[in-house]
Every structure is written in structure tokens, then in C-alpha cells.
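Shown next, in C-alpha cells, is the structure this report addresses.
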Protein chains: 2
Amino acid sequence: MLLASDGIDGLKQAKNPSVDLILLDIMLPGKDGMEICSELRKEGINTLVIMLTSKSEEIDKVLGLEIGADDYMTKPFSIRELKARIKALLRRTQDLKKGIEESSFGDLHFDFKKQEALKKKNPLKLSAKEFQIIKFFIEHEGEVLGRDKLLDEVWGYDVFPTTRTVDNYILSIRKKIEDDPSEPKHLITVHTSGYKFLK
Amino acid sequence: MLLASDGIDGLKQAKNPSVDLILLDIMLPGKDGMEICSELRKEGINTLVIMLTSKSEEIDKVLGLEIGADDYMTKPFSIRELKARIKALLRRTQDLKKGIEESSFGDLHFDFKKQEALKKKNPLKLSAKEFQIIKFFIEHEGEVLGRDKLLDEVWGYDVFPTTRTVDNYILSIRKKIEDDPSEPKHLITVHTSGYKFLK
DNA sequence: GTCCTAATGACAATCTTTTGACAACTATCT
DNA sequence: AGATAGTTGTCAAAAGATTGTCATTAGGAC
């Protein structure tokens, strides 16, 4: 979660490609929300934007939408409504950036859409979280991924298991996918830093 | 670690630029947490803020976020969660200034994202700290770096090894990257001052 | 309830970091 | 140049952390 209290700063932050969604108040010091939104769109940045406005004049809303906002809300609004709108918007686009759907290497095959995994043509039993973890590793092949980073990215921002939980998942995945789990070829330990995945 | 039991005092301390993160209780004598937070932001102080609130009314949370808090927690909360949130916030901002990812010179190649090093195409075994040290030297090519500075920058401000520890790391890195470790070409001793790195 | 997954904690095994001793070196002063 | 004090190179062992592993508990789904 990033925060900017004025338009200039916000515009800078909004260009960060890891941003999923921008909540934009129409009234901002510096540059106002509409300007920001249209600037973003001009630069080809398609991050979702929800406009917030306290005036409920429709003209604002329309302008907001024409300018390229994806949704708008008038203040005061309930958090429940905000959450629901965010969820809906994210779901709509999540499909677009859902990452890889399949991957094969060695005698392994993963189908993340079907949540199926095969080793030497035999099905593997993996939990949902194990699939997510493997997927994240495959999408970052070769990179060293720290435990904290994994917790953030796979578990999410609002649950906080210990880092040992990560180790235990790694262990359990190794048992399933490695020929010799005590001598892993795919999920490699990088001491004091985390783990990395190799095909 | 600084502590303030009322808002006025807290506001004063929060402006100290060496503060990394502020834990702010919404209910405070003097000035309440929200006022403090928005005052800080108005003054352009972007230190991370986590708001603590005992009322779980949603409006508080949102107001906290609109006002410029980076995260919030409702009491009671676990220490582990608090730690995890702090860590996550700090790391996320850290990620933005992560420095170089790769470097090659002579017959050497370093990939810091993958934590891989090659000499004449052969892999080198380096510890995480060795990678950090080399990275810091490469990022400050030609500069003389004192032992204290290295300890500060690479080790951090909360551990205190002796300066001999630095020498030993230099030695160990030289053994791995130099053709003739007793006649180093990359990690040069600058007597009484420290070391410098040359490509 | 039973079954499954997620998460934790304890212990041992492993690897890293740090220290300290001593030799070799450098700079300075006489 | 020689002596002295302070630095650095080198090695090996001690201290400290991290990870592998397993057993157990907690929490949901069926």
C-alpha cells in the first residue's frame, strides 16, 4: 500500500508497475485527481483507477469516467462498498495477469489451471498453497526468493505465519517433486537468503 | 527506539529524520493519532506510519489511511503480526532502492538477483554476506571504503562485529575472485583507510 | 465427528560469522 | 638505516544462526 497526499507525488507512485489499483481523490493539492488520471492514461498506464469525490455532481463522475477511471464513488461511502468495488474490479482484471498456466521440466508437469501435477505421468497430490508456491517459484526461475518475500507474495499482506512455515512447505514440496528430496535439484536452498528454483 | 506518551511530544520526535517507522495510537492525550499523522504528511514527512486502534469501527481505519497512514492494526494484536507488518513495510520500501542487479569485469560475472558468481565461467561459492559486500564495493567503484563504513552499510546499525571481521571477509573474497590473492587487482588495501574496489 | 491442510515448535545437522593469535607489513621518528 | 607502534594478511577454531526434519497442534471442510 502506497500513499501520496498530493498529486505530484501520487503520479510518481502510480507509475510503479507493481501497483494493482489506484484510489484517487478528485480533490488533491498539487494536481487534481482528474489530471492525474488522464496523464496516466496518456502514458499508457492501465492500472485500475477508482475515483473518489465528495461533490456528488454527476459532471464529475462523467468526466472521471471519460478521462479513463474504471469506477467512481461519492463520499461518504461505506467500507463494505469500497471493498466490494475493489474486489469486483480486481477480479475482472486478475484474469488478464494470472501468470503461467502450465509448465513442464524433467519428468514433471504442472497445470495450474486444472491444479494438476504429474511426475513420470503419475499424479501428485499437492495442496492449493503448494501449487501457488510452485507457481511463484517457476515464474521467478533462478531468482533467490526470501522467506519474507514469499510470505508476502504467496500468503498475502494480512496473514503472518512464521518463516518456518515456508521451510516446511519447501520440505513438503521437495518430497513430492524431487527424485532425492535430501539432494534437491529444483528447489535449492540459498543459506541465509531463501530458496531458488531451477528447472 | 523513541517513545512518547502524548501527541505533542510524539509529533516533535516524529520529525527526527532518522526515524524509520512510527507506531501511532489513535487515542492519545494531547493530540490524537490522526491529527499527528496528517500534520506529518502536510509537512512532507513520509516516514512509514502504522496506526493502532482499539475501536474496530471501519471508519477509523479508513480515515487513518486517507490521512496518510501506511497500515493499521486493531488492538489486540500479536507481537508477531506487528513485527511482520513492520518488516513487510520496511522491505517494500527497501525494494525500491535495491541497486545493481548484475556486473561483469575481467573473467568475473556477478548476478545479485540470482546470487550467482562466475569466474572463467566456473561457479564461485559465495555466502550471502560476501555477495552483499561485493555489491557494495562495485556500487562504489574506486572509492576508499573504511571498515566502519562497511560495517554500517553492509552489516547494519544493530550489529557490532570488530573491524577485523571486515578484513577476514576481504581475505576470503580475494581468495575466490582474485587470480593471485596475495597480489589483489580488484580489492585493494588502502593502508590505514580501508579498501577500494577496481574493475 | 473424521479428514485434510496449515502452522508451529523442538531438536539435530549444517553452514556462516566472528574472533583471536601470530606473522608480515607500513609508516614514522630518531 | 634501525627501531617502534600500529595495521593488515593469514589461518583455524569457537560461537552463533540457519535449515532439515519430524511430530504435534489448531482450524476448517465435509
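Labeling convention for the C-alpha cells: chains A, B, ... as they appear, residues from 1 per chain, ligands from 1 in order of appearance.
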(message) When you look at Asp152 (chain A) with a cut-off of 12 Å (counting only C-alpha atoms (C1' of nucleotides)), what residues show up, excluding the ones that are within fewer than 2 positions of it in the same chain? I need them as a PyMOL selection string.
(response) (chain A and resi 133+136+145-150+154-163+166) or (chain B and resi 84-85+87-89+91-92)
(message) What's around DT18 (chain D) at 12 Å? Count only C-alpha atoms (C1' of nucleotides), leave out sequence neighbours fewer than 3 positions away in its own chain, and write the answer as an MDAnalysis selection string.
(response) (chainID A and resid 163:164 167 189:194) or (chainID C and resid 13:17)
Would you kindly report the residues of chain A within 6 Å of chain B, using only C-alpha atoms, as an mmCIF file with N, CA and C atoms, in the first residue's frame?
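As written to disk, out30.cif reads:
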data_model
loop_
_atom_site.group_PDB
_atom_site.id
_atom_site.type_symbol
_atom_site.label_atom_id
_atom_site.label_comp_id
_atom_site.auth_asym_id
_atom_site.auth_seq_id
_atom_site.Cartn_x
_atom_site.Cartn_y
_atom_site.Cartn_z
ATOM 1 N N GLY A 142 15.316 -19.067 -11.043
ATOM 2 C CA GLY A 142 16.696 -18.612 -10.883
ATOM 3 C C GLY A 142 16.876 -17.536 -9.824
ATOM 4 N N GLU A 143 15.829 -16.771 -9.569
ATOM 5 C CA GLU A 143 15.940 -15.701 -8.571
ATOM 6 C C GLU A 143 15.930 -16.266 -7.154
ATOM 7 N N VAL A 144 16.711 -15.658 -6.303
ATOM 8 C CA VAL A 144 16.652 -16.031 -4.894
ATOM 9 C C VAL A 144 15.457 -15.341 -4.263
ATOM 10 N N PHE A 160 0.172 -13.693 8.821
ATOM 11 C CA PHE A 160 1.562 -13.613 9.235
ATOM 12 C C PHE A 160 2.088 -14.888 9.877
#
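For the pair CA of Leu151 (chain A) and CA of Gln94 (chain B), the separation is 16.3 Å.
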(request) Give me every helix (DSSP H, G or I) residue in region 130-161 of chain A, going by DSSP on the backbone, as a PyMOL selection string. (result) chain A and resi 130-139+147-155
Grab the residues selected above and save them as a PDB file, in the first residue's frame with C-alpha atoms.
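So again_12.pdb came out as:
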ATOM      1  CA  GLU A 130       1.725 -25.831  -2.650  1.00  0.00           C
ATOM      2  CA  PHE A 131       0.539 -25.076  -6.156  1.00  0.00           C
ATOM      3  CA  GLN A 132       0.730 -21.363  -5.517  1.00  0.00           C
ATOM      4  CA  ILE A 133       4.228 -21.665  -4.153  1.00  0.00           C
ATOM      5  CA  ILE A 134       5.490 -23.729  -7.044  1.00  0.00           C
ATOM      6  CA  LYS A 135       3.876 -21.368  -9.487  1.00  0.00           C
ATOM      7  CA  PHE A 136       5.546 -18.392  -7.878  1.00  0.00           C
ATOM      8  CA  PHE A 137       8.907 -20.119  -7.989  1.00  0.00           C
ATOM      9  CA  ILE A 138       8.522 -21.115 -11.615  1.00  0.00           C
ATOM     10  CA  GLU A 139       7.573 -17.569 -12.513  1.00  0.00           C
ATOM     11  CA  ARG A 147      11.052 -16.186   3.093  1.00  0.00           C
ATOM     12  CA  ASP A 148       9.512 -12.822   3.863  1.00  0.00           C
ATOM     13  CA  LYS A 149       9.011 -12.099   0.230  1.00  0.00           C
ATOM     14  CA  LEU A 150       7.315 -15.445  -0.273  1.00  0.00           C
ATOM     15  CA  LEU A 151       5.042 -14.850   2.671  1.00  0.00           C
ATOM     16  CA  ASP A 152       4.093 -11.505   1.221  1.00  0.00           C
ATOM     17  CA  GLU A 153       3.542 -12.668  -2.293  1.00  0.00           C
ATOM     18  CA  VAL A 154       2.031 -16.082  -1.826  1.00  0.00           C
ATOM     19  CA  TRP A 155       0.304 -15.793   1.527  1.00  0.00           C
TER      20      TRP A 155
END
(request) Could you please tell me, as an MDAnalysis selection string, which residues of chain D have an atom within 9 Å of chain A when using only C-alpha atoms (C1' of nucleotides)? (result) chainID D and resid 17:21
Which residues of chain C are close to chain B, meaning at most 12 Å apart when you count only C-alpha atoms (C1' of nucleotides), and how do they look as an mmCIF file with N, CA and C atoms (P, O5', C5', C4', C3', O3' and C1' of nucleotides), in the first residue's frame?
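part-v8.cif, freshly written:
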data_model
loop_
_atom_site.group_PDB
_atom_site.id
_atom_site.type_symbol
_atom_site.label_atom_id
_atom_site.label_comp_id
_atom_site.auth_asym_id
_atom_site.auth_seq_id
_atom_site.Cartn_x
_atom_site.Cartn_y
_atom_site.Cartn_z
ATOM 1 P P DC C 15 26.670 -28.259 4.754
ATOM 2 O "O5'" DC C 15 26.748 -26.673 4.941
ATOM 3 C "C5'" DC C 15 25.574 -25.892 4.722
ATOM 4 C "C4'" DC C 15 25.778 -24.557 5.370
ATOM 5 C "C3'" DC C 15 27.076 -23.850 4.943
ATOM 6 O "O3'" DC C 15 26.708 -22.630 4.339
ATOM 7 C "C1'" DC C 15 26.779 -23.777 7.312
ATOM 8 P P DT C 16 27.813 -21.547 3.855
ATOM 9 O "O5'" DT C 16 27.717 -20.357 4.917
ATOM 10 C "C5'" DT C 16 26.536 -20.191 5.642
ATOM 11 C "C4'" DT C 16 26.678 -19.037 6.613
ATOM 12 C "C3'" DT C 16 27.669 -17.951 6.245
ATOM 13 O "O3'" DT C 16 27.047 -16.719 6.537
ATOM 14 C "C1'" DT C 16 28.238 -18.892 8.374
ATOM 15 P P DT C 17 27.809 -15.307 6.320
ATOM 16 O "O5'" DT C 17 28.350 -15.015 7.788
ATOM 17 C "C5'" DT C 17 27.402 -14.944 8.842
ATOM 18 C "C4'" DT C 17 28.133 -14.726 10.144
ATOM 19 C "C3'" DT C 17 29.087 -13.528 10.154
ATOM 20 O "O3'" DT C 17 28.669 -12.701 11.221
ATOM 21 C "C1'" DT C 17 30.144 -15.466 11.029
ATOM 22 P P DT C 18 29.364 -11.287 11.452
ATOM 23 O "O5'" DT C 18 30.484 -11.643 12.521
ATOM 24 C "C5'" DT C 18 30.071 -12.192 13.772
ATOM 25 C "C4'" DT C 18 31.280 -12.674 14.536
ATOM 26 C "C3'" DT C 18 32.395 -11.637 14.683
ATOM 27 O "O3'" DT C 18 32.373 -11.199 16.036
ATOM 28 C "C1'" DT C 18 33.231 -13.841 14.239
ATOM 29 P P DT C 19 33.398 -10.081 16.547
ATOM 30 O "O5'" DT C 19 34.573 -10.987 17.130
ATOM 31 C "C5'" DT C 19 34.224 -12.097 17.955
ATOM 32 C "C4'" DT C 19 35.428 -12.970 18.217
ATOM 33 C "C3'" DT C 19 36.699 -12.215 18.606
ATOM 34 O "O3'" DT C 19 37.035 -12.605 19.928
ATOM 35 C "C1'" DT C 19 37.153 -13.890 16.982
ATOM 36 P P DG C 20 38.125 -11.792 20.784
ATOM 37 O "O5'" DG C 20 39.461 -12.626 20.542
ATOM 38 C "C5'" DG C 20 39.446 -14.031 20.753
ATOM 39 C "C4'" DG C 20 40.764 -14.618 20.308
ATOM 40 C "C3'" DG C 20 41.978 -13.745 20.640
ATOM 41 O "O3'" DG C 20 43.010 -14.592 21.111
ATOM 42 C "C1'" DG C 20 41.939 -14.198 18.329
ATOM 43 P P DA C 24 56.570 -14.262 8.839
ATOM 44 O "O5'" DA C 24 55.907 -13.017 8.120
ATOM 45 C "C5'" DA C 24 54.817 -13.232 7.213
ATOM 46 C "C4'" DA C 24 54.348 -11.892 6.729
ATOM 47 C "C3'" DA C 24 55.466 -10.996 6.196
ATOM 48 O "O3'" DA C 24 55.033 -10.477 4.954
ATOM 49 C "C1'" DA C 24 54.187 -9.839 7.820
ATOM 50 P P DC C 25 56.061 -9.663 4.040
ATOM 51 O "O5'" DC C 25 55.528 -8.176 4.207
ATOM 52 C "C5'" DC C 25 54.158 -7.933 3.919
ATOM 53 C "C4'" DC C 25 53.745 -6.653 4.599
ATOM 54 C "C3'" DC C 25 54.532 -5.426 4.167
ATOM 55 O "O3'" DC C 25 53.698 -4.666 3.303
ATOM 56 C "C1'" DC C 25 53.988 -5.418 6.502
ATOM 57 P P DT C 26 54.371 -3.406 2.475
ATOM 58 O "O5'" DT C 26 54.034 -2.143 3.382
ATOM 59 C "C5'" DT C 26 52.734 -1.964 3.869
ATOM 60 C "C4'" DT C 26 52.676 -0.712 4.720
ATOM 61 C "C3'" DT C 26 53.541 0.437 4.234
ATOM 62 O "O3'" DT C 26 52.684 1.552 4.060
ATOM 63 C "C1'" DT C 26 53.912 0.009 6.565
ATOM 64 P P DA C 27 53.255 2.971 3.572
ATOM 65 O "O5'" DA C 27 53.456 3.727 4.956
ATOM 66 C "C5'" DA C 27 52.332 3.905 5.802
ATOM 67 C "C4'" DA C 27 52.782 4.615 7.048
ATOM 68 C "C3'" DA C 27 53.624 5.865 6.787
ATOM 69 O "O3'" DA C 27 53.081 6.921 7.568
ATOM 70 C "C1'" DA C 27 54.776 4.403 8.257
#
Please provide as a PDB file with N, CA and C atoms, in the first residue's frame all residues within 10 Å of Thr47 (chain B), with the sequence filter that same-chain residues fewer than 6 positions apart are discarded (counting only C-alpha atoms (C1' of nucleotides)).
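Result saved to around_20.pdb:
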ATOM      1  N   ALA B  14       8.673  12.670  15.971  1.00  0.00           N
ATOM      2  CA  ALA B  14       8.440  12.046  14.669  1.00  0.00           C
ATOM      3  C   ALA B  14       9.180  12.780  13.565  1.00  0.00           C
ATOM      4  N   LYS B  15       9.502  14.021  13.811  1.00  0.00           N
ATOM      5  CA  LYS B  15      10.149  14.808  12.763  1.00  0.00           C
ATOM      6  C   LYS B  15      11.634  14.509  12.649  1.00  0.00           C
ATOM      7  N   ASN B  16      12.145  13.799  13.624  1.00  0.00           N
ATOM      8  CA  ASN B  16      13.529  13.357  13.564  1.00  0.00           C
ATOM      9  C   ASN B  16      13.720  12.519  12.292  1.00  0.00           C
ATOM     10  N   PRO B  17      14.571  12.953  11.388  1.00  0.00           N
ATOM     11  CA  PRO B  17      14.669  12.279  10.100  1.00  0.00           C
ATOM     12  C   PRO B  17      15.274  10.881  10.159  1.00  0.00           C
ATOM     13  N   SER B  18      15.858  10.529  11.316  1.00  0.00           N
ATOM     14  CA  SER B  18      16.432   9.189  11.360  1.00  0.00           C
ATOM     15  C   SER B  18      15.399   8.145  11.794  1.00  0.00           C
ATOM     16  N   VAL B  19      14.176   8.578  11.950  1.00  0.00           N
ATOM     17  CA  VAL B  19      13.109   7.634  12.302  1.00  0.00           C
ATOM     18  C   VAL B  19      12.659   6.886  11.049  1.00  0.00           C
ATOM     19  N   ASP B  20      12.570   5.564  11.171  1.00  0.00           N
ATOM     20  CA  ASP B  20      12.167   4.746  10.032  1.00  0.00           C
ATOM     21  C   ASP B  20      10.679   4.538   9.969  1.00  0.00           C
ATOM     22  N   LEU B  21      10.083   4.407  11.141  1.00  0.00           N
ATOM     23  CA  LEU B  21       8.689   3.987  11.174  1.00  0.00           C
ATOM     24  C   LEU B  21       8.041   4.471  12.457  1.00  0.00           C
ATOM     25  N   ILE B  22       6.803   4.854  12.363  1.00  0.00           N
ATOM     26  CA  ILE B  22       6.091   5.383  13.521  1.00  0.00           C
ATOM     27  C   ILE B  22       4.870   4.526  13.818  1.00  0.00           C
ATOM     28  N   CYS B  37      -0.761  12.284  12.367  1.00  0.00           N
ATOM     29  CA  CYS B  37      -0.409  11.727  11.070  1.00  0.00           C
ATOM     30  C   CYS B  37      -0.629  12.741   9.969  1.00  0.00           C
ATOM     31  N   LEU B  40       1.977  15.436  10.001  1.00  0.00           N
ATOM     32  CA  LEU B  40       3.249  14.970   9.455  1.00  0.00           C
ATOM     33  C   LEU B  40       3.232  15.011   7.937  1.00  0.00           C
ATOM     34  N   ARG B  41       2.189  14.472   7.367  1.00  0.00           N
ATOM     35  CA  ARG B  41       2.116  14.408   5.912  1.00  0.00           C
ATOM     36  C   ARG B  41       2.082  15.806   5.307  1.00  0.00           C
ATOM     37  N   ALA B  69      -1.724   7.172   6.656  1.00  0.00           N
ATOM     38  CA  ALA B  69      -1.066   6.055   7.320  1.00  0.00           C
ATOM     39  C   ALA B  69      -0.742   4.986   6.280  1.00  0.00           C
ATOM     40  N   ASP B  70       0.265   4.182   6.534  1.00  0.00           N
ATOM     41  CA  ASP B  70       0.648   3.154   5.580  1.00  0.00           C
ATOM     42  C   ASP B  70      -0.001   1.813   5.882  1.00  0.00           C
TER      43      ASP B  70
END
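Interatomic distance, CA of Ile188 (chain A) to CA of Lys125 (chain A): 21.1 Å.
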Could you find all residues in region 95-179 of chain A that DSSP calls strand (DSSP E or B) from the backbone, and write them as a CSV table (one decimal) with N, CA and C atoms, in the first residue's frame?
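The resulting file, selection.csv, is reproduced below:
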chain,number,residue,atom,x,y,z
A,102,GLU,N,0.8,-23.4,-17.3
A,102,GLU,CA,1.4,-24.7,-17.3
A,102,GLU,C,2.9,-24.6,-17.3
A,103,SER,N,3.5,-25.7,-16.9
A,103,SER,CA,5.0,-25.8,-17.0
A,103,SER,C,5.4,-27.2,-17.0
A,104,SER,N,6.4,-27.6,-17.8
A,104,SER,CA,7.0,-28.9,-17.8
A,104,SER,C,8.5,-28.8,-17.7
A,105,PHE,N,9.1,-29.7,-17.0
A,105,PHE,CA,10.5,-29.8,-16.9
A,105,PHE,C,10.9,-31.1,-16.3
A,108,LEU,N,8.5,-33.8,-14.8
A,108,LEU,CA,7.4,-33.1,-14.1
A,108,LEU,C,6.5,-32.3,-15.0
A,109,HIS,N,5.3,-32.2,-14.7
A,109,HIS,CA,4.4,-31.4,-15.4
A,109,HIS,C,3.4,-30.8,-14.5
A,110,PHE,N,3.2,-29.5,-14.6
A,110,PHE,CA,2.2,-28.8,-13.8
A,110,PHE,C,1.2,-28.1,-14.7
A,111,ASP,N,-0.1,-28.2,-14.3
A,111,ASP,CA,-1.2,-27.5,-14.9
A,111,ASP,C,-1.9,-26.7,-13.8
A,116,GLU,N,-3.4,-29.6,-11.5
A,116,GLU,CA,-2.9,-31.0,-11.6
A,116,GLU,C,-1.4,-31.0,-11.7
A,117,ALA,N,-0.8,-32.0,-11.1
A,117,ALA,CA,0.6,-32.1,-11.3
A,117,ALA,C,1.0,-33.6,-11.6
A,118,LEU,N,1.9,-33.8,-12.5
A,118,LEU,CA,2.3,-35.2,-12.8
A,118,LEU,C,3.8,-35.3,-12.6
A,119,LYS,N,4.2,-36.5,-12.1
A,119,LYS,CA,5.6,-36.8,-12.1
A,119,LYS,C,5.8,-38.2,-12.8
A,122,ASN,N,2.6,-39.9,-13.4
A,122,ASN,CA,1.8,-40.2,-12.2
A,122,ASN,C,1.3,-38.9,-11.5
A,123,PRO,N,0.1,-38.9,-11.1
A,123,PRO,CA,-0.4,-37.7,-10.5
A,123,PRO,C,0.2,-37.5,-9.1
A,124,LEU,N,0.5,-36.2,-8.8
A,124,LEU,CA,1.0,-35.8,-7.5
A,124,LEU,C,-0.1,-35.1,-6.7
A,144,VAL,N,16.7,-15.7,-6.3
A,144,VAL,CA,16.7,-16.0,-4.9
A,144,VAL,C,15.5,-15.3,-4.3
A,145,LEU,N,14.6,-16.1,-3.7
A,145,LEU,CA,13.4,-15.6,-3.1
A,145,LEU,C,13.4,-15.7,-1.5
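Near Asp6 (chain B), within 12 Å and counting only C-alpha atoms (C1' of nucleotides), sit Leu3, Asp9, Gly10, Leu11, Lys12, Gln13, Leu24, Asp25, Ile26, Met27, Leu28, Pro29, Gly30, Lys31, Asp32, Gly33 and Ile36 of chain B; same-chain residues fewer than 3 positions away were not included.
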Output for the residues just chosen: C-alpha atoms as a JSON list (two decimals), in the first residue's frame:
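After the write, result-v2.json holds the following:
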[["chain", "number", "residue", "atom", "x", "y", "z"],
["B", 3, "LEU", "CA", 8.72, 6.80, 22.99],
["B", 9, "ASP", "CA", 5.78, 15.15, 22.30],
["B", 10, "GLY", "CA", 5.27, 12.47, 19.68],
["B", 11, "LEU", "CA", 4.91, 14.96, 16.90],
["B", 12, "LYS", "CA", 8.17, 16.55, 17.86],
["B", 13, "GLN", "CA", 10.00, 13.25, 17.89],
["B", 24, "LEU", "CA", 0.71, 5.68, 16.30],
["B", 25, "ASP", "CA", -2.15, 5.06, 18.67],
["B", 26, "ILE", "CA", -5.34, 6.71, 17.58],
["B", 27, "MET", "CA", -6.26, 7.53, 21.14],
["B", 28, "LEU", "CA", -3.69, 9.80, 22.65],
["B", 29, "PRO", "CA", -3.85, 12.60, 25.15],
["B", 30, "GLY", "CA", -2.98, 15.98, 23.73],
["B", 31, "LYS", "CA", -3.33, 15.41, 20.04],
["B", 32, "ASP", "CA", -4.81, 12.25, 18.68],
["B", 33, "GLY", "CA", -3.10, 9.92, 16.24],
["B", 36, "ILE", "CA", -0.49, 13.80, 14.16]]
